[in-house]
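Below is data-v6.txt, which holds compact mmCIF, C-alpha atoms (C1' of nucleotides).
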```txt
# COMPACT_ATOMS: atom_id res chain seq x y z
CA MET A 238 38.13 87.64 -12.31
CA ARG A 239 41.05 85.73 -10.90
CA ARG A 240 42.05 83.27 -13.55
CA GLU A 241 43.35 80.56 -11.27
CA GLU A 242 39.74 79.41 -11.18
CA LEU A 243 39.83 78.57 -14.83
CA LYS A 244 42.40 75.85 -14.45
CA GLY A 245 41.10 72.61 -15.80
CA HIS A 246 37.98 74.19 -17.28
CA LEU A 247 39.45 76.10 -20.20
CA ASP A 248 39.51 73.10 -22.54
CA LEU A 249 35.80 72.57 -22.02
CA ILE A 250 35.11 76.22 -22.78
CA LEU A 251 37.08 76.08 -26.01
CA LEU A 252 35.61 72.79 -27.18
CA ALA A 253 32.11 74.09 -26.47
CA ALA A 254 32.88 77.34 -28.30
CA LEU A 255 33.71 75.33 -31.41
CA GLU A 256 30.78 72.99 -31.22
CA GLY A 257 28.47 74.88 -33.55
CA GLU A 258 30.88 76.07 -36.18
CA PRO A 259 34.61 76.64 -36.72
CA ALA A 260 36.16 79.82 -35.37
CA HIS A 261 39.52 81.53 -34.93
CA GLY A 262 41.31 82.37 -31.70
CA TYR A 263 40.75 86.08 -31.62
CA GLY A 264 37.09 85.63 -32.45
CA ILE A 265 36.68 83.06 -29.69
CA ILE A 266 38.12 85.48 -27.17
CA ARG A 267 35.56 88.12 -28.08
CA ALA A 268 32.70 85.64 -28.23
CA ILE A 269 33.48 84.37 -24.74
CA ASP A 270 33.84 87.89 -23.42
CA GLU A 271 30.49 88.83 -24.88
CA LEU A 272 28.63 85.68 -23.85
CA THR A 273 29.77 86.01 -20.25
CA GLY A 274 29.25 89.74 -20.04
CA GLY A 275 32.94 90.33 -19.42
CA THR A 276 33.30 87.73 -16.67
CA PHE A 277 35.79 85.81 -18.79
CA ASP A 278 38.09 88.23 -20.55
CA LEU A 279 40.72 85.74 -21.63
CA ALA A 280 44.25 86.77 -22.58
CA GLU A 281 45.66 85.85 -25.95
CA GLY A 282 48.54 84.15 -24.18
CA THR A 283 45.94 81.91 -22.60
CA ILE A 284 43.96 81.03 -25.68
CA TYR A 285 46.53 80.43 -28.38
CA PRO A 286 48.62 77.86 -26.49
CA ALA A 287 45.43 76.15 -25.32
CA LEU A 288 44.13 75.81 -28.87
CA GLN A 289 47.48 74.40 -29.93
CA ARG A 290 47.37 71.88 -27.09
CA LEU A 291 43.93 70.75 -28.16
CA GLU A 292 45.07 70.37 -31.74
CA VAL A 293 48.09 68.32 -30.74
CA ALA A 294 45.76 66.16 -28.66
CA GLY A 295 43.67 65.58 -31.77
CA HIS A 296 40.56 67.29 -30.45
CA LEU A 297 40.80 70.19 -32.86
CA ALA A 298 42.06 70.68 -36.41
CA SER A 299 43.08 74.00 -37.93
CA ALA A 300 43.34 75.62 -41.35
CA TRP A 301 44.47 79.04 -42.55
CA GLU A 302 41.92 81.41 -43.97
CA THR A 303 42.17 84.93 -45.30
CA VAL A 304 39.36 87.34 -44.53
CA GLY A 305 39.63 91.02 -45.42
CA GLY A 306 43.34 90.71 -46.09
CA ARG A 307 44.03 89.25 -42.64
CA ARG A 308 45.15 85.72 -41.98
CA ARG A 309 43.21 83.63 -39.52
CA ARG A 310 43.83 80.20 -38.15
CA VAL A 311 40.42 78.62 -38.06
CA TYR A 312 39.83 75.71 -35.70
CA ARG A 313 37.15 73.09 -35.98
CA LEU A 314 36.10 70.29 -33.67
CA THR A 315 37.21 66.81 -34.73
CA THR A 316 35.25 63.64 -34.03
CA PRO A 317 37.46 62.68 -31.08
CA GLY A 318 37.02 66.29 -29.99
CA GLN A 319 33.27 65.85 -29.90
CA ARG A 320 33.66 62.85 -27.66
CA GLU A 321 36.05 64.82 -25.47
CA LEU A 322 33.54 67.65 -25.28
CA ALA A 323 30.80 65.27 -24.14
CA ARG A 324 33.13 63.76 -21.56
CA ARG A 325 34.12 67.14 -20.18
CA ARG A 326 30.58 68.41 -20.13
CA GLN A 327 29.56 65.51 -17.98
CA GLN A 328 32.59 66.06 -15.78
CA TRP A 329 31.67 69.71 -15.38
CA GLY A 330 28.15 68.76 -14.35
CA GLN A 331 29.53 66.49 -11.67
CA PHE A 332 31.96 69.13 -10.51
CA ALA A 333 29.33 71.86 -10.35
CA LEU A 334 26.93 69.60 -8.49
CA ALA A 335 29.56 68.70 -5.92
CA MET A 336 30.50 72.34 -5.50
CA THR A 337 26.89 73.35 -5.02
CA ARG A 338 26.42 70.74 -2.33
CA LEU A 339 29.49 71.92 -0.46
CA VAL A 340 29.00 75.61 -0.85
CA GLU A 341 25.27 76.23 -0.74
CA THR A 342 24.03 78.17 2.25
CA PRO A 343 21.88 75.75 4.25
CA MET B 51 38.22 63.21 -10.65
CA ARG B 52 41.10 65.11 -12.14
CA ARG B 53 42.13 67.60 -9.56
CA GLU B 54 43.36 70.31 -11.86
CA GLU B 55 39.74 71.44 -11.90
CA LEU B 56 39.89 72.29 -8.26
CA LYS B 57 42.41 75.05 -8.70
CA GLY B 58 41.11 78.26 -7.31
CA HIS B 59 38.05 76.65 -5.77
CA LEU B 60 39.55 74.73 -2.88
CA ASP B 61 39.67 77.74 -0.57
CA LEU B 62 35.96 78.25 -0.98
CA ILE B 63 35.31 74.59 -0.21
CA LEU B 64 37.36 74.75 2.98
CA LEU B 65 35.89 78.03 4.17
CA ALA B 66 32.39 76.70 3.55
CA ALA B 67 33.23 73.46 5.37
CA LEU B 68 34.12 75.47 8.44
CA GLU B 69 31.17 77.80 8.32
CA GLY B 70 28.94 75.90 10.71
CA GLU B 71 31.41 74.72 13.28
CA PRO B 72 35.16 74.18 13.74
CA ALA B 73 36.71 71.01 12.36
CA HIS B 74 40.06 69.33 11.82
CA GLY B 75 41.78 68.49 8.56
CA TYR B 76 41.25 64.76 8.49
CA GLY B 77 37.60 65.18 9.42
CA ILE B 78 37.10 67.76 6.68
CA ILE B 79 38.50 65.35 4.11
CA ARG B 80 36.00 62.69 5.08
CA ALA B 81 33.11 65.13 5.30
CA ILE B 82 33.79 66.43 1.78
CA ASP B 83 34.14 62.90 0.45
CA GLU B 84 30.82 61.96 2.00
CA LEU B 85 28.92 65.09 1.01
CA THR B 86 29.98 64.77 -2.61
CA GLY B 87 29.48 61.03 -2.82
CA GLY B 88 33.15 60.46 -3.54
CA THR B 89 33.45 63.07 -6.28
CA PHE B 90 35.96 65.01 -4.20
CA ASP B 91 38.34 62.60 -2.50
CA LEU B 92 40.96 65.11 -1.49
CA ALA B 93 44.51 64.11 -0.66
CA GLU B 94 46.04 65.05 2.67
CA GLY B 95 48.87 66.74 0.81
CA THR B 96 46.21 68.98 -0.68
CA ILE B 97 44.27 69.84 2.46
CA TYR B 98 46.91 70.47 5.07
CA PRO B 99 48.93 73.03 3.13
CA ALA B 100 45.70 74.73 2.06
CA LEU B 101 44.48 75.07 5.63
CA GLN B 102 47.85 76.51 6.60
CA ARG B 103 47.65 79.02 3.77
CA LEU B 104 44.22 80.12 4.91
CA GLU B 105 45.44 80.52 8.47
CA VAL B 106 48.43 82.60 7.39
CA ALA B 107 46.03 84.73 5.37
CA GLY B 108 44.02 85.30 8.55
CA HIS B 109 40.89 83.57 7.31
CA LEU B 110 41.20 80.68 9.72
CA ALA B 111 42.55 80.22 13.24
CA SER B 112 43.64 76.91 14.74
CA ALA B 113 43.98 75.31 18.16
CA TRP B 114 45.16 71.90 19.33
CA GLU B 115 42.66 69.53 20.80
CA THR B 116 42.97 66.00 22.16
CA VAL B 117 40.17 63.55 21.48
CA GLY B 118 40.51 59.90 22.39
CA GLY B 119 44.25 60.28 22.95
CA ARG B 120 44.83 61.69 19.48
CA ARG B 121 45.89 65.24 18.77
CA ARG B 122 43.85 67.29 16.34
CA ARG B 123 44.44 70.71 14.95
CA VAL B 124 41.00 72.27 14.93
CA TYR B 125 40.36 75.16 12.57
CA ARG B 126 37.67 77.78 12.92
CA LEU B 127 36.53 80.55 10.63
CA THR B 128 37.64 84.05 11.66
CA THR B 129 35.64 87.20 11.02
CA PRO B 130 37.77 88.15 8.01
CA GLY B 131 37.34 84.55 6.93
CA GLN B 132 33.57 84.96 6.94
CA ARG B 133 33.91 87.97 4.67
CA GLU B 134 36.24 86.01 2.42
CA LEU B 135 33.75 83.17 2.31
CA ALA B 136 30.97 85.51 1.23
CA ARG B 137 33.21 87.04 -1.40
CA ARG B 138 34.22 83.68 -2.80
CA ARG B 139 30.68 82.39 -2.76
CA GLN B 140 29.59 85.27 -4.91
CA GLN B 141 32.58 84.73 -7.17
CA TRP B 142 31.69 81.09 -7.55
CA GLY B 143 28.15 82.03 -8.52
CA GLN B 144 29.49 84.30 -11.22
CA PHE B 145 31.91 81.67 -12.42
CA ALA B 146 29.29 78.92 -12.53
CA LEU B 147 26.85 81.18 -14.34
CA ALA B 148 29.43 82.09 -16.96
CA MET B 149 30.40 78.44 -17.40
CA THR B 150 26.79 77.41 -17.81
CA ARG B 151 26.25 80.03 -20.49
CA LEU B 152 29.29 78.87 -22.41
CA VAL B 153 28.82 75.16 -22.02
CA GLU B 154 25.11 74.53 -22.05
CA THR B 155 23.81 72.60 -25.02
CA PRO B 156 21.61 74.99 -27.00
C1' DG C 183 52.25 110.57 -44.43
C1' DG C 184 51.95 109.81 -39.70
C1' DT C 185 49.22 108.24 -35.64
C1' DG C 186 46.13 105.45 -33.34
C1' DT C 187 42.99 101.58 -32.95
C1' DA C 188 41.25 97.07 -33.92
C1' DT C 189 42.36 92.81 -35.78
C1' DA C 190 45.18 88.64 -35.66
C1' DC C 191 48.87 85.58 -34.58
C1' DA C 192 52.83 83.73 -31.70
C1' DT C 193 56.15 82.51 -27.85
C1' DA C 194 59.19 82.65 -23.74
C1' DG C 195 59.14 82.91 -19.05
C1' DT C 196 56.76 83.02 -14.47
C1' DA C 197 53.82 81.85 -10.73
C1' DT C 198 50.90 79.09 -8.28
C1' DA C 199 48.55 75.51 -6.40
C1' DA C 200 47.00 70.75 -6.27
C1' DC C 201 48.98 66.47 -5.98
C1' DG C 202 52.07 62.18 -5.13
C1' DA C 203 55.04 60.09 -2.17
C1' DG C 204 56.95 59.63 1.88
C1' DG C 205 57.46 60.11 6.97
C1' DT C 206 55.75 60.16 12.09
C1' DA C 207 52.68 58.67 15.85
C1' DT C 208 48.49 56.84 18.59
C1' DG C 209 44.55 53.59 19.66
C1' DA C 210 41.68 49.55 18.86
C1' DG C 211 40.89 44.74 17.48
C1' DG C 212 42.23 40.36 16.26
C1' DC D 216 52.50 41.93 17.23
C1' DC D 217 50.21 43.18 13.19
C1' DT D 218 47.05 45.70 10.76
C1' DC D 219 43.94 49.28 10.13
C1' DA D 220 41.93 53.75 10.91
C1' DT D 221 43.01 58.07 12.70
C1' DA D 222 45.75 62.25 12.50
C1' DC D 223 49.39 65.27 11.27
C1' DC D 224 53.27 67.10 8.24
C1' DT D 225 56.55 68.30 4.21
C1' DC D 226 59.25 68.05 -0.08
C1' DG D 227 59.31 67.88 -4.87
C1' DT D 228 56.81 67.59 -9.19
C1' DT D 229 53.82 69.13 -12.71
C1' DA D 230 50.30 71.22 -15.18
C1' DT D 231 48.61 75.37 -16.88
C1' DA D 232 46.87 80.07 -16.92
C1' DC D 233 48.93 84.41 -17.29
C1' DT D 234 52.31 88.48 -18.26
C1' DA D 235 55.02 90.56 -21.34
C1' DT D 236 56.62 91.13 -25.65
C1' DG D 237 56.98 90.99 -30.61
C1' DT D 238 55.14 90.85 -35.39
C1' DA D 239 51.96 92.36 -39.13
C1' DT D 240 47.76 94.17 -41.67
C1' DA D 241 43.60 97.21 -42.34
C1' DC D 242 41.29 101.38 -41.63
C1' DA D 243 40.06 105.92 -40.08
C1' DC D 244 41.50 110.51 -39.09
C1' DC D 245 43.88 114.69 -39.45
```
Will you turn the file into structure tokens for me?
Amino acid sequence: MRREELKGHLDLILLAALEGEPAHGYGIIRAIDELTGGTFDLAEGTIYPALQRLEVAGHLASAWETVGGRRRRVYRLTTPGQRELARRRQQWGQFALAMTRLVETP
Amino acid sequence: MRREELKGHLDLILLAALEGEPAHGYGIIRAIDELTGGTFDLAEGTIYPALQRLEVAGHLASAWETVGGRRRRVYRLTTPGQRELARRRQQWGQFALAMTRLVETP
DNA sequence: GGTGTATACATAGTATAACGAGGTATGAGG
DNA sequence: CCTCATACCTCGTTATACTATGTATACACC
């Protein structure tokens, strides 16, 4: 899938991915790939900078973990991040509704 | 609405706007604004270059018209443009479905 | 012990496209 | 005349997803 479409929606995806429980970048990539049946096969160069942006913005917080001898940076949703997630969810709903109105075959 | 979200979706919007009958840029802007209840209030600097891109790509064709003493550049959907519209509609469906799966509150 | 694969992180540079700001011109209404 | 709506255009900015590349560990296989 052409990735230009993702612009402006990636943050919502990542915040939503971390809603339930903390996770690390590589794991998020695979989870998204699996959940969407391969529709979103995100590059590492897409995810890692995006997670960093969200942490700088205060929406995520990270901590190092070691599992099976490998280091992971595990991200969790902060309280401001939860608010941001709600805000973006609503925004997505509005966007999708508008798109549907414009694009639906009458 | 933040416009970053539009990236990659504007072409679909414009092709769909021209599906029924030809229209001109300024009119398309107002039609989209009205249909979406103000959610998409697109700037002229967004629309005009986009229409030109689509014409260069062969998906639209344009002709000058004069209505009430004012010149309009009227765009119509070409046959390749209709195929492109169908393709992008399907793509949007896939995108929206994937987003819904990732973002829906469980 | 070497090779390949999956896991896991990171960054530097590029490309693209929507947008902001500015410019031009006509017609109608007061 | 002045303002407003109509109608077009273009240049420069900016945000951000992506490509390419590099690093390192664990594990299986021969």
Between D:DT234, D:DT228, D:DT221, D:DT240, which residue has the minimum interatomic distance to chain B, considering only C-alpha atoms (C1' of nucleotides)? D:DT221
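Computed from the coordinates, the atom C1' of DA194 of chain C to atom C1' of DT229 of chain D distance equals 18.3 Å.
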Residue list as an MDAnalysis selection string for point (47.3, 73.8, -10.6), cut-off 7 Å, all atoms listed in the file: (chainID A and resid 244) or (chainID B and resid 54 57) or (chainID C and resid 198:200) or (chainID D and resid 230:231)
After superposing chain A onto chain B (least squares, all C-alpha atoms, pairing by order), export the transformed chain as a compact mmCIF listing (two decimals) with C-alpha atoms, in the frame of the given file.
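The file below, part_37.txt, is the result:
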```txt
# COMPACT_ATOMS: atom_id res chain seq x y z
CA MET A 238 38.21 63.19 -10.74
CA ARG A 239 41.09 65.12 -12.22
CA ARG A 240 42.13 67.59 -9.59
CA GLU A 241 43.36 70.31 -11.91
CA GLU A 242 39.74 71.43 -11.92
CA LEU A 243 39.91 72.28 -8.27
CA LYS A 244 42.45 75.01 -8.71
CA GLY A 245 41.16 78.25 -7.34
CA HIS A 246 38.08 76.65 -5.79
CA LEU A 247 39.63 74.75 -2.90
CA ASP A 248 39.72 77.75 -0.56
CA LEU A 249 35.99 78.26 -1.00
CA ILE A 250 35.34 74.60 -0.22
CA LEU A 251 37.38 74.76 2.96
CA LEU A 252 35.92 78.04 4.16
CA ALA A 253 32.41 76.72 3.53
CA ALA A 254 33.24 73.48 5.34
CA LEU A 255 34.13 75.50 8.43
CA GLU A 256 31.18 77.82 8.30
CA GLY A 257 28.93 75.91 10.69
CA GLU A 258 31.40 74.74 13.26
CA PRO A 259 35.15 74.20 13.72
CA ALA A 260 36.69 71.03 12.34
CA HIS A 261 40.05 69.34 11.83
CA GLY A 262 41.78 68.51 8.57
CA TYR A 263 41.24 64.79 8.50
CA GLY A 264 37.60 65.22 9.41
CA ILE A 265 37.11 67.78 6.66
CA ILE A 266 38.51 65.37 4.11
CA ARG A 267 35.99 62.71 5.08
CA ALA A 268 33.12 65.18 5.29
CA ILE A 269 33.81 66.45 1.78
CA ASP A 270 34.17 62.93 0.46
CA GLU A 271 30.86 61.97 1.99
CA LEU A 272 28.95 65.10 1.00
CA THR A 273 30.02 64.78 -2.63
CA GLY A 274 29.52 61.04 -2.82
CA GLY A 275 33.20 60.48 -3.52
CA THR A 276 33.48 63.08 -6.28
CA PHE A 277 36.00 65.01 -4.22
CA ASP A 278 38.36 62.61 -2.51
CA LEU A 279 40.99 65.12 -1.49
CA ALA A 280 44.55 64.12 -0.61
CA GLU A 281 46.02 65.05 2.73
CA GLY A 282 48.85 66.77 0.89
CA THR A 283 46.21 68.99 -0.63
CA ILE A 284 44.29 69.86 2.49
CA TYR A 285 46.91 70.48 5.13
CA PRO A 286 48.94 73.06 3.19
CA ALA A 287 45.72 74.75 2.09
CA LEU A 288 44.49 75.08 5.67
CA GLN A 289 47.85 76.52 6.65
CA ARG A 290 47.67 79.03 3.81
CA LEU A 291 44.24 80.14 4.96
CA GLU A 292 45.46 80.53 8.51
CA VAL A 293 48.44 82.60 7.44
CA ALA A 294 46.05 84.74 5.41
CA GLY A 295 44.03 85.31 8.57
CA HIS A 296 40.90 83.58 7.32
CA LEU A 297 41.21 80.68 9.72
CA ALA A 298 42.55 80.21 13.25
CA SER A 299 43.63 76.90 14.75
CA ALA A 300 43.97 75.28 18.16
CA TRP A 301 45.15 71.87 19.34
CA GLU A 302 42.65 69.49 20.82
CA THR A 303 42.95 65.97 22.15
CA VAL A 304 40.14 63.54 21.44
CA GLY A 305 40.45 59.86 22.33
CA GLY A 306 44.17 60.20 22.92
CA ARG A 307 44.78 61.66 19.45
CA ARG A 308 45.86 65.20 18.76
CA ARG A 309 43.85 67.27 16.34
CA ARG A 310 44.42 70.70 14.96
CA VAL A 311 41.00 72.26 14.94
CA TYR A 312 40.34 75.16 12.59
CA ARG A 313 37.65 77.76 12.92
CA LEU A 314 36.53 80.55 10.64
CA THR A 315 37.64 84.04 11.67
CA THR A 316 35.64 87.20 11.01
CA PRO A 317 37.78 88.17 8.01
CA GLY A 318 37.34 84.56 6.93
CA GLN A 319 33.59 84.97 6.92
CA ARG A 320 33.91 87.97 4.67
CA GLU A 321 36.27 86.01 2.43
CA LEU A 322 33.77 83.17 2.30
CA ALA A 323 30.99 85.53 1.22
CA ARG A 324 33.25 87.05 -1.41
CA ARG A 325 34.24 83.67 -2.81
CA ARG A 326 30.71 82.38 -2.78
CA GLN A 327 29.62 85.27 -4.91
CA GLN A 328 32.60 84.74 -7.18
CA TRP A 329 31.70 81.08 -7.56
CA GLY A 330 28.15 82.01 -8.51
CA GLN A 331 29.46 84.28 -11.22
CA PHE A 332 31.88 81.66 -12.43
CA ALA A 333 29.27 78.91 -12.53
CA LEU A 334 26.81 81.15 -14.34
CA ALA A 335 29.38 82.07 -16.97
CA MET A 336 30.33 78.43 -17.40
CA THR A 337 26.72 77.40 -17.81
CA ARG A 338 26.18 80.00 -20.49
CA LEU A 339 29.21 78.84 -22.42
CA VAL A 340 28.76 75.15 -22.02
CA GLU A 341 25.03 74.50 -22.05
CA THR A 342 23.74 72.55 -25.01
CA PRO A 343 21.53 74.95 -26.96
```
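Among the candidates C:DT189, C:DT206, C:DG195, C:DG211, the one nearest to DC233 of chain D when counting only C-alpha atoms (C1' of nucleotides) is C:DG195.
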Using all atoms listed in the file, select each residue of chain B with any atom at most 10 Å away from an atom of chain C, and give the selection as a compact mmCIF listing (two decimals) with C-alpha atoms, in the coordinates of the input.
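Just written: part33.txt:
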```txt
# COMPACT_ATOMS: atom_id res chain seq x y z
CA ARG B 53 42.13 67.60 -9.56
CA GLU B 54 43.36 70.31 -11.86
CA GLU B 55 39.74 71.44 -11.90
CA LEU B 56 39.89 72.29 -8.26
CA LYS B 57 42.41 75.05 -8.70
CA GLY B 58 41.11 78.26 -7.31
CA LEU B 60 39.55 74.73 -2.88
CA LEU B 92 40.96 65.11 -1.49
CA ALA B 93 44.51 64.11 -0.66
CA GLU B 94 46.04 65.05 2.67
CA GLY B 95 48.87 66.74 0.81
CA THR B 96 46.21 68.98 -0.68
CA ILE B 97 44.27 69.84 2.46
CA PRO B 99 48.93 73.03 3.13
CA ALA B 100 45.70 74.73 2.06
CA GLY B 118 40.51 59.90 22.39
CA GLY B 119 44.25 60.28 22.95
CA ARG B 120 44.83 61.69 19.48
CA ARG B 121 45.89 65.24 18.77
```
Atom CA of His261 of chain A and atom C1' of DA235 of chain D, how far apart in Å? 22.5 Å
Using all atoms listed in the file, pick whichever of B:Ala81, B:Asp91, B:Ala67, B:Arg122 has the shortest atom-to-atom distance to chain D. B:Arg122
Pull out every residue of chain B that has at least one atom within 8 Å of chain A, counting only C-alpha atoms, and report them as a short mmCIF file (atom, residue, chain, number, x, y, z; two decimals) with C-alpha atoms, keeping the file's coordinate frame.
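Written file, iface.cif:
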```cif
data_model
loop_
_atom_site.label_atom_id
_atom_site.label_comp_id
_atom_site.auth_asym_id
_atom_site.auth_seq_id
_atom_site.Cartn_x
_atom_site.Cartn_y
_atom_site.Cartn_z
CA GLU B 54 43.36 70.31 -11.86
CA GLU B 55 39.74 71.44 -11.90
CA LEU B 56 39.89 72.29 -8.26
CA LYS B 57 42.41 75.05 -8.70
CA GLY B 58 41.11 78.26 -7.31
CA HIS B 59 38.05 76.65 -5.77
CA LEU B 62 35.96 78.25 -0.98
CA ILE B 63 35.31 74.59 -0.21
CA ALA B 66 32.39 76.70 3.55
CA ALA B 67 33.23 73.46 5.37
CA ILE B 82 33.79 66.43 1.78
CA LEU B 85 28.92 65.09 1.01
CA THR B 86 29.98 64.77 -2.61
CA THR B 89 33.45 63.07 -6.28
CA PHE B 90 35.96 65.01 -4.20
CA ARG B 139 30.68 82.39 -2.76
CA GLN B 144 29.49 84.30 -11.22
CA PHE B 145 31.91 81.67 -12.42
CA ALA B 146 29.29 78.92 -12.53
CA ALA B 148 29.43 82.09 -16.96
CA MET B 149 30.40 78.44 -17.40
CA ARG B 151 26.25 80.03 -20.49
CA LEU B 152 29.29 78.87 -22.41
CA VAL B 153 28.82 75.16 -22.02
#
```
Using all atoms listed in the file: which of B:Val124, B:Leu68, B:Leu104, B:Leu110 has the shortest distance to chain D: B:Val124
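The coordinates place atom CA of Ser112 of chain B at 9.8 Å from atom CA of Thr128 of chain B.
When only C-alpha atoms (C1' of nucleotides) are used to measure the gap to DA232 of chain D, the shortest distance among A:Arg310, A:Asp248, A:Pro317, A:Gly262 belongs to A:Asp248.
Of the listed residues (B:Glu84, B:His109, B:Gln140, B:Glu115), B:Glu115 comes nearest to chain D; the distances count only C-alpha atoms (C1' of nucleotides).
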